[in-house]
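Undergrad: For reference, the structure I am asking about is given below.
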Amino acid sequence: MRIKLCCILYELTTTHTLDLTAFSMCCAMLARMLRREDRLTAQDITFDWRKLYDLVRNIVVPKIWQDNPIQQRSKLKNIVDLICEANRFFPQSAAMEVFEELLPQIQFNSMDRQILTVQLLTLFVPTARPPKGVELVTSGPQSTDPQRWLPTIFSLWSFNLRTSVFDAYLMNLVTTLVLEQRGQLKLTNEQLRFVFASGLHFFNLPVSRGAATLPRNISMQLRDSSGVYRMQAGAGLPLKEERAHSFARFIVYTMHDESSGGTLELFEQLVQMIESFYHPSNNGAWSGLLARFLRHLAKELLQRSRAEAAEDCEVPVDARLSRSVRRRLVVLVRTLAMLLLFSKGEDSVSMSHSTLKHLAELEPDLIFRPLLDTLYTAIDSVTETHRMISAM
């Protein structure tokens, strides 16, 4: 019954004939049913991605003038929410079809169309693994192997002048792919360095005024001119908070070993570059984003450790996080969290508390003794009252 009802709702949603009230009800009901991963899998049902694509395209690139743009905006939000849940039910071979449909639409002399194309890619490219018992097709037009089209994503990413808008959307796509593949997707060292460079760009740190001027000015123009096409935070696309979250998830879920040039080594280099910006005396517009990034790192690390410790974990043993790698990562995050503990902003201090709490659940012996030593020193201080208040 559940499968039949989902099929009926999907057909109703994509008929183009429902009024806004009925359409919203169908979208919300279908999205709620698809959200239950324990009730429905990709083996039970498959959706044609092109029907939803036509719905979105008719709104954002209408062939005729549309009345009531506010109503169309509301309808678009419902569609995007539905696509986010329906993506795992698109056939794996649809990835090549999506690229064949969208890549020819890229116009490098039109920033708005580029943004729209990248948004549609993040929505429609299937990122889930094939169902159990289904082997990957590594070649041909029906290929289901993400390794075949992943270089295309990075090529598209590199064409866009390091602008924060493109970084955010494509970072989210690559991170989702890494997470869904559960350790079976291998990125090259060059691709890892590229993502880390984009992640560093997110923080908007004042490290090089002249070199960063052009991309950031272009980024502001994109932000202003693409308001018609950009989905809001409720639609699930990455905005400022999601940027920190996506980058943190990427770091945690691509960390598998201690190999040279791997994620752990790149993260150690990143910590060396941004450590001074966590110092309490170096407060600025970047402080909140850095604090959120640290909290997301600790939370995602805890979630991955719990998931891989479960008996029904599907991640291959050789792709799981080893104890030695996890301890090194905890020490690196602890270093930044200890600095953030005495920040001038209350929100940053609160996020440092959350970060240390998550780390303490993972490796209590690496957290409690250094934390207590730091707190005792802060309480005994009579000249730095802000440290004493934070410690209390």
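Letters A, B, ... mark the chains of the structure tokens in the order given; residue numbers begin at 1 per chain; ligand numbers begin at 1, in order shown.
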Using DSSP on the backbone, list every residue of stretch 145-388 of chain A that comes out as helix (DSSP H, G or I), and give them as a count of residues only.
TA: 177
Undergrad: Neighbouring residues of A:Ala197 were defined as those with any atom within 12 Å, considering only C-alpha atoms; residues of the same chain fewer than 3 positions away were excluded. Please report them as a ChimeraX atom specification.
TA: /A:157-158,162-164,167,171,190-194,200-204,247,266-267,269-270,273
Undergrad: Env of stretch 86-102 of chain A: 8 Å cut, atoms = only C-alpha atoms, seq-sep filter 4 positions within chain, self excluded. Answer as a PyMOL selection string.
TA: chain A and resi 31+34+41-42+45-49+82+106+117+120-121+123-130+141-144+149
Undergrad: Which polymer residues have any atom within 10 Å of an atom of A:Glu85, counting only C-alpha atoms, with same-chain residues fewer than 5 positions away left out, as a list in words?
TA: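 These residues fall inside the cut-off: Leu30, Ala31, Arg32, Met33, Leu34, Arg35, Arg36, Glu37, Val80 and Leu123 of chain A.
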Undergrad: Report as a PDB file with N, CA and C atoms, in the first residue's frame all protein, DNA and RNA residues lying within 10 Å of A:Val330, evaluated on only C-alpha atoms, omitting residues in the same chain fewer than 6 positions from it.
TA:
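Result saved to part_20.pdb:
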```pdb
ATOM      1  N   LEU A 297      32.568  19.631  13.296  1.00  0.00           N
ATOM      2  CA  LEU A 297      33.617  18.611  13.204  1.00  0.00           C
ATOM      3  C   LEU A 297      33.481  17.586  14.319  1.00  0.00           C
ATOM      4  N   ALA A 298      33.356  18.076  15.553  1.00  0.00           N
ATOM      5  CA  ALA A 298      33.266  17.163  16.697  1.00  0.00           C
ATOM      6  C   ALA A 298      31.994  16.329  16.644  1.00  0.00           C
ATOM      7  N   LEU A 301      32.257  13.681  13.853  1.00  0.00           N
ATOM      8  CA  LEU A 301      33.211  12.637  14.248  1.00  0.00           C
ATOM      9  C   LEU A 301      32.562  11.672  15.230  1.00  0.00           C
ATOM     10  N   SER A 324      43.822   5.204  16.023  1.00  0.00           N
ATOM     11  CA  SER A 324      44.965   6.126  16.000  1.00  0.00           C
ATOM     12  C   SER A 324      44.629   7.410  15.233  1.00  0.00           C
ATOM     13  N   LEU A 356      33.865  20.335  23.059  1.00  0.00           N
ATOM     14  CA  LEU A 356      34.603  19.556  24.061  1.00  0.00           C
ATOM     15  C   LEU A 356      33.759  18.411  24.610  1.00  0.00           C
ATOM     16  N   HIS A 358      31.467  16.667  22.919  1.00  0.00           N
ATOM     17  CA  HIS A 358      31.494  15.585  21.925  1.00  0.00           C
ATOM     18  C   HIS A 358      32.846  14.869  21.929  1.00  0.00           C
ATOM     19  N   LEU A 359      33.916  15.629  22.038  1.00  0.00           N
ATOM     20  CA  LEU A 359      35.250  15.013  22.051  1.00  0.00           C
ATOM     21  C   LEU A 359      35.449  14.154  23.282  1.00  0.00           C
ATOM     22  N   ALA A 360      34.908  14.599  24.427  1.00  0.00           N
ATOM     23  CA  ALA A 360      35.056  13.834  25.664  1.00  0.00           C
ATOM     24  C   ALA A 360      34.337  12.493  25.583  1.00  0.00           C
ATOM     25  N   LEU A 362      34.245  10.720  22.952  1.00  0.00           N
ATOM     26  CA  LEU A 362      35.079   9.875  22.094  1.00  0.00           C
ATOM     27  C   LEU A 362      36.348   9.410  22.812  1.00  0.00           C
ATOM     28  N   GLU A 363      37.088  10.365  23.324  1.00  0.00           N
ATOM     29  CA  GLU A 363      38.379  10.081  23.960  1.00  0.00           C
ATOM     30  C   GLU A 363      38.481  10.870  25.262  1.00  0.00           C
ATOM     31  N   LEU A 366      41.895  12.139  26.624  1.00  0.00           N
ATOM     32  CA  LEU A 366      42.579  13.220  25.907  1.00  0.00           C
ATOM     33  C   LEU A 366      41.963  14.589  26.199  1.00  0.00           C
ATOM     34  N   ILE A 367      40.829  14.612  26.876  1.00  0.00           N
ATOM     35  CA  ILE A 367      40.106  15.871  27.072  1.00  0.00           C
ATOM     36  C   ILE A 367      40.115  16.330  28.528  1.00  0.00           C
TER      37      ILE A 367
END
```
Undergrad: Return the single residue from A:Leu103, A:Glu308, A:Gly261, A:Val137 that is closest to A:Thr152, with distances computed using only C-alpha atoms.
TA: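 Going through A:Leu103, A:Glu308, A:Gly261, A:Val137 one by one, the smallest distance to A:Thr152 is for A:Leu103.
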Undergrad: Quick one, how far is atom CA of A:Glu361 from atom CA of A:Gln303?
TA: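 Distance between the two atoms: 10.8 Å.
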Undergrad: So what do you get for atom CA of A:Arg182 versus atom CA of A:Lys132, distance-wise?
TA: 13.4 Å
